[in-house]
Amino acid sequence: MAPRTSWKGFLRLSLISVPVKAFTANNTTEEIRLNQLHKDCHQRVRYKKVCPEHGELKNTEIVSGYEYVKDQYVVIDPQELMKLRPESDKAVRIDGFVKPEQISDLYLAGRTYYLLPDGPAGDKPYALLVKGMRDADVVAVAQVVISGREQLVQVHPEDDMLVMSILNVFKKVKAPDEFTADLKPQEMSKEELKLTNTLIDASTIDEFDFRNYTDGYVEKLGELIKLKVDGKEIVEAPSPEQPKILNLMDALKKSVAEAQAGGGKKMAASAKATDGSKQAVQKKKSG
């Protein structure tokens, strides 16, 4: 089944207008959704939309409205709102380009889209923009109306493709200096710094691959569901015994020795294996 287009419009930079279509990059197919049940009988909890005058309503009978005075509403039709939007709202309007490090990850809102050219007319200008941004090592700051709201976005090249990430505006992100009062100045010896740097170097992963990481919560939830369906009881997995460390220097020295013995890649693989292992102990229910 082909991916469904999330948005269509234009990518605009000055007088250049590239027809593009957006596809969400966030994959929700791996999620496991739980339903709310009545604790006693395990019947599904249902939510009904009810009008005090007409009783239960169908979705087709419901509209959106704004209360401008107490108990007085104006009905807001999304199509009417679209009429107020200029043609430019159907575009990703690039304000300019910045270096990637100028946009902190703190502002990433968690929604990402793949932008692809929409039709042959967009192929050449799209490819030129990708190549130009890659060569200059820049990302674009832009604005777009998507999901009915004007959004600030970052557009950056990923291989031969453009990726658009929604950004939180400045006022929606708490400034780091609100929390710096909790950071107390620390005295660090040369040996402590040297050991820390050695540990980081020894733990560096040479060939990082995101595919090695999975959603542990979803895996454990799926495992739990299977055990419950099969009528098996869950026994709490034993926690691995942690070595007793007397002080920070001792911990650094032991950590460096372990990292150097295994290497960064081996250390990462070991961590994944521990995290992804099935630690639940099963036993048949008695009776």
# chains A, B, ... in the order shown; residues from 1 in each chain; ligands from 1

$ residues_around --residues "segment 251-254 of chain A" --least-positions-apart "6" --cutoff "12 Å" --atoms "only C-alpha atoms" --output "mmCIF file with N, CA and C atoms, in the first residue's frame"
data_model
loop_
_atom_site.group_PDB
_atom_site.id
_atom_site.type_symbol
_atom_site.label_atom_id
_atom_site.label_comp_id
_atom_site.auth_asym_id
_atom_site.auth_seq_id
_atom_site.Cartn_x
_atom_site.Cartn_y
_atom_site.Cartn_z
ATOM 1 N N GLU A 191 43.461 14.035 36.649
ATOM 2 C CA GLU A 191 43.336 12.584 36.469
ATOM 3 C C GLU A 191 41.883 12.199 36.196
ATOM 4 N N GLU A 192 40.951 12.830 36.905
ATOM 5 C CA GLU A 192 39.526 12.556 36.671
ATOM 6 C C GLU A 192 39.120 12.919 35.247
ATOM 7 N N LEU A 193 39.573 14.081 34.773
ATOM 8 C CA LEU A 193 39.254 14.502 33.403
ATOM 9 C C LEU A 193 39.874 13.564 32.380
ATOM 10 N N LYS A 194 41.118 13.168 32.639
ATOM 11 C CA LYS A 194 41.801 12.275 31.708
ATOM 12 C C LYS A 194 41.076 10.934 31.619
ATOM 13 N N LEU A 195 40.674 10.382 32.759
ATOM 14 C CA LEU A 195 39.966 9.103 32.771
ATOM 15 C C LEU A 195 38.599 9.224 32.091
ATOM 16 N N THR A 196 37.915 10.337 32.321
ATOM 17 C CA THR A 196 36.614 10.555 31.687
ATOM 18 C C THR A 196 36.764 10.614 30.170
ATOM 19 N N ASN A 197 37.764 11.367 29.690
ATOM 20 C CA ASN A 197 38.002 11.458 28.248
ATOM 21 C C ASN A 197 38.374 10.102 27.657
ATOM 22 N N THR A 198 39.171 9.342 28.404
ATOM 23 C CA THR A 198 39.553 8.005 27.947
ATOM 24 C C THR A 198 38.340 7.091 27.862
ATOM 25 N N LEU A 199 37.439 7.189 28.849
ATOM 26 C CA LEU A 199 36.221 6.380 28.860
ATOM 27 C C LEU A 199 35.333 6.720 27.667
ATOM 28 N N ILE A 200 35.166 8.012 27.400
ATOM 29 C CA ILE A 200 34.346 8.431 26.257
ATOM 30 C C ILE A 200 34.955 7.940 24.954
ATOM 31 N N GLN A 242 24.763 -5.128 40.740
ATOM 32 C CA GLN A 242 25.662 -4.048 40.378
ATOM 33 C C GLN A 242 26.929 -4.121 41.229
ATOM 34 N N PRO A 243 28.097 -3.924 40.598
ATOM 35 C CA PRO A 243 29.339 -3.943 41.389
ATOM 36 C C PRO A 243 29.371 -2.773 42.361
ATOM 37 N N LYS A 244 29.915 -3.007 43.526
ATOM 38 C CA LYS A 244 30.007 -1.966 44.530
ATOM 39 C C LYS A 244 31.216 -1.077 44.239
ATOM 40 N N ILE A 245 30.959 0.186 44.017
ATOM 41 C CA ILE A 245 32.028 1.145 43.717
ATOM 42 C C ILE A 245 32.204 2.051 44.937
ATOM 43 N N GLN A 260 37.746 -0.540 27.375
ATOM 44 C CA GLN A 260 38.911 -0.851 26.554
ATOM 45 C C GLN A 260 38.992 -2.338 26.231
ATOM 46 N N ALA A 261 38.514 -3.163 27.140
ATOM 47 C CA ALA A 261 38.532 -4.614 26.908
ATOM 48 C C ALA A 261 37.518 -5.015 25.852
#

$ residues_around --residues "Ala136 of chain A" --least-positions-apart "6" --cutoff "12 Å" --atoms "only C-alpha atoms" --output "PyMOL selection string"
chain A and resi 97-100+129-130+156-157

$ closest_residue --among "A:Lys48, A:Ser147, A:His38, A:Ser14" --to "Pro78 of chain A" --atoms "only C-alpha atoms"
A:Ser147

$ atom_distance --atom1 "atom CA of Pro238 of chain A" --atom2 "atom CA of Leu221 of chain A"
18.0 Å

$ select_by_dssp --residues "segment 142-235 of chain A" --states "strand (DSSP E)" --output "JSON, numbers by chain"
{"A": [142, 143, 144, 145, 146, 149, 150, 151, 152, 153, 154, 155, 156, 157, 158, 161, 162, 163, 164, 165, 166, 167, 232, 233, 234, 235]}

$ closest_residue --among "A:Ala127, A:Met133, A:Leu167, A:Ala121" --to "Ala109 of chain A" --atoms "only C-alpha atoms"
A:Leu167

$ select_by_dssp --residues "segment 87-174 of chain A" --states "helix (DSSP H, G or I)" --output "ChimeraX atom specification"
/A:87-90,100-102,105-107,120-136,170-172

$ write_last_selection --atoms "N, CA and C atoms" --output "PDB file, in the first residue's frame"
ATOM      1  N   GLU A  87      -3.242  32.404  -1.083  1.00  0.00           N
ATOM      2  CA  GLU A  87      -2.643  31.320  -1.847  1.00  0.00           C
ATOM      3  C   GLU A  87      -1.261  30.959  -1.295  1.00  0.00           C
ATOM      4  N   SER A  88      -0.580  31.937  -0.699  1.00  0.00           N
ATOM      5  CA  SER A  88       0.765  31.693  -0.177  1.00  0.00           C
ATOM      6  C   SER A  88       0.750  30.710   0.992  1.00  0.00           C
ATOM      7  N   ASP A  89      -0.419  30.525   1.633  1.00  0.00           N
ATOM      8  CA  ASP A  89      -0.498  29.586   2.751  1.00  0.00           C
ATOM      9  C   ASP A  89      -0.374  28.146   2.285  1.00  0.00           C
ATOM     10  N   LYS A  90      -0.443  27.926   0.988  1.00  0.00           N
ATOM     11  CA  LYS A  90      -0.297  26.571   0.462  1.00  0.00           C
ATOM     12  C   LYS A  90       1.160  26.291   0.097  1.00  0.00           C
ATOM     13  N   PRO A 100      23.245  24.313  10.685  1.00  0.00           N
ATOM     14  CA  PRO A 100      22.453  23.383  11.502  1.00  0.00           C
ATOM     15  C   PRO A 100      22.590  23.621  12.998  1.00  0.00           C
ATOM     16  N   GLU A 101      23.798  23.982  13.445  1.00  0.00           N
ATOM     17  CA  GLU A 101      24.017  24.149  14.882  1.00  0.00           C
ATOM     18  C   GLU A 101      23.323  25.394  15.448  1.00  0.00           C
ATOM     19  N   GLN A 102      22.787  26.258  14.584  1.00  0.00           N
ATOM     20  CA  GLN A 102      22.097  27.453  15.067  1.00  0.00           C
ATOM     21  C   GLN A 102      20.684  27.141  15.565  1.00  0.00           C
ATOM     22  N   ASP A 105      18.359  21.386  19.223  1.00  0.00           N
ATOM     23  CA  ASP A 105      17.411  20.265  19.228  1.00  0.00           C
ATOM     24  C   ASP A 105      16.270  20.490  20.213  1.00  0.00           C
ATOM     25  N   LEU A 106      16.439  21.432  21.143  1.00  0.00           N
ATOM     26  CA  LEU A 106      15.389  21.740  22.105  1.00  0.00           C
ATOM     27  C   LEU A 106      14.104  22.181  21.407  1.00  0.00           C
ATOM     28  N   TYR A 107      14.233  22.734  20.200  1.00  0.00           N
ATOM     29  CA  TYR A 107      13.082  23.298  19.508  1.00  0.00           C
ATOM     30  C   TYR A 107      12.374  22.291  18.603  1.00  0.00           C
ATOM     31  N   PRO A 120       6.962  16.130 -12.624  1.00  0.00           N
ATOM     32  CA  PRO A 120       8.226  16.381 -13.335  1.00  0.00           C
ATOM     33  C   PRO A 120       8.719  17.823 -13.256  1.00  0.00           C
ATOM     34  N   ALA A 121       7.775  18.785 -13.177  1.00  0.00           N
ATOM     35  CA  ALA A 121       8.180  20.196 -13.162  1.00  0.00           C
ATOM     36  C   ALA A 121       9.015  20.533 -11.932  1.00  0.00           C
ATOM     37  N   GLY A 122       8.854  19.756 -10.868  1.00  0.00           N
ATOM     38  CA  GLY A 122       9.597  20.071  -9.657  1.00  0.00           C
ATOM     39  C   GLY A 122      10.906  19.334  -9.505  1.00  0.00           C
ATOM     40  N   ASP A 123      11.186  18.358 -10.386  1.00  0.00           N
ATOM     41  CA  ASP A 123      12.367  17.511 -10.216  1.00  0.00           C
ATOM     42  C   ASP A 123      13.680  18.291 -10.228  1.00  0.00           C
ATOM     43  N   LYS A 124      13.878  19.142 -11.231  1.00  0.00           N
ATOM     44  CA  LYS A 124      15.150  19.854 -11.392  1.00  0.00           C
ATOM     45  C   LYS A 124      15.378  20.893 -10.285  1.00  0.00           C
ATOM     46  N   PRO A 125      14.416  21.800 -10.035  1.00  0.00           N
ATOM     47  CA  PRO A 125      14.668  22.773  -8.967  1.00  0.00           C
ATOM     48  C   PRO A 125      14.808  22.115  -7.599  1.00  0.00           C
ATOM     49  N   TYR A 126      14.103  21.025  -7.382  1.00  0.00           N
ATOM     50  CA  TYR A 126      14.215  20.281  -6.120  1.00  0.00           C
ATOM     51  C   TYR A 126      15.634  19.746  -5.951  1.00  0.00           C
ATOM     52  N   ALA A 127      16.143  19.085  -6.991  1.00  0.00           N
ATOM     53  CA  ALA A 127      17.493  18.514  -6.935  1.00  0.00           C
ATOM     54  C   ALA A 127      18.548  19.604  -6.748  1.00  0.00           C
ATOM     55  N   LEU A 128      18.358  20.741  -7.397  1.00  0.00           N
ATOM     56  CA  LEU A 128      19.303  21.858  -7.260  1.00  0.00           C
ATOM     57  C   LEU A 128      19.321  22.377  -5.822  1.00  0.00           C
ATOM     58  N   LEU A 129      18.135  22.477  -5.226  1.00  0.00           N
ATOM     59  CA  LEU A 129      18.041  22.979  -3.859  1.00  0.00           C
ATOM     60  C   LEU A 129      18.708  22.006  -2.877  1.00  0.00           C
ATOM     61  N   VAL A 130      18.465  20.705  -3.054  1.00  0.00           N
ATOM     62  CA  VAL A 130      19.093  19.699  -2.188  1.00  0.00           C
ATOM     63  C   VAL A 130      20.613  19.793  -2.293  1.00  0.00           C
ATOM     64  N   LYS A 131      21.118  19.825  -3.511  1.00  0.00           N
ATOM     65  CA  LYS A 131      22.569  19.869  -3.742  1.00  0.00           C
ATOM     66  C   LYS A 131      23.167  21.158  -3.175  1.00  0.00           C
ATOM     67  N   GLY A 132      22.500  22.281  -3.420  1.00  0.00           N
ATOM     68  CA  GLY A 132      23.008  23.561  -2.934  1.00  0.00           C
ATOM     69  C   GLY A 132      23.060  23.629  -1.417  1.00  0.00           C
ATOM     70  N   MET A 133      22.027  23.116  -0.750  1.00  0.00           N
ATOM     71  CA  MET A 133      21.990  23.131   0.711  1.00  0.00           C
ATOM     72  C   MET A 133      23.047  22.195   1.297  1.00  0.00           C
ATOM     73  N   ARG A 134      23.240  21.050   0.634  1.00  0.00           N
ATOM     74  CA  ARG A 134      24.267  20.111   1.111  1.00  0.00           C
ATOM     75  C   ARG A 134      25.647  20.725   0.981  1.00  0.00           C
ATOM     76  N   ASP A 135      25.923  21.342  -0.172  1.00  0.00           N
ATOM     77  CA  ASP A 135      27.240  21.931  -0.411  1.00  0.00           C
ATOM     78  C   ASP A 135      27.541  23.065   0.567  1.00  0.00           C
ATOM     79  N   ALA A 136      26.502  23.849   0.905  1.00  0.00           N
ATOM     80  CA  ALA A 136      26.690  24.988   1.806  1.00  0.00           C
ATOM     81  C   ALA A 136      26.584  24.578   3.276  1.00  0.00           C
ATOM     82  N   PHE A 170       9.896  30.036  19.952  1.00  0.00           N
ATOM     83  CA  PHE A 170      10.765  30.364  21.084  1.00  0.00           C
ATOM     84  C   PHE A 170      10.017  30.348  22.417  1.00  0.00           C
ATOM     85  N   LYS A 171       8.816  30.930  22.458  1.00  0.00           N
ATOM     86  CA  LYS A 171       8.094  31.069  23.723  1.00  0.00           C
ATOM     87  C   LYS A 171       7.562  29.741  24.249  1.00  0.00           C
ATOM     88  N   LYS A 172       7.538  28.711  23.421  1.00  0.00           N
ATOM     89  CA  LYS A 172       7.013  27.417  23.859  1.00  0.00           C
ATOM     90  C   LYS A 172       8.091  26.530  24.485  1.00  0.00           C
TER      91      LYS A 172
END
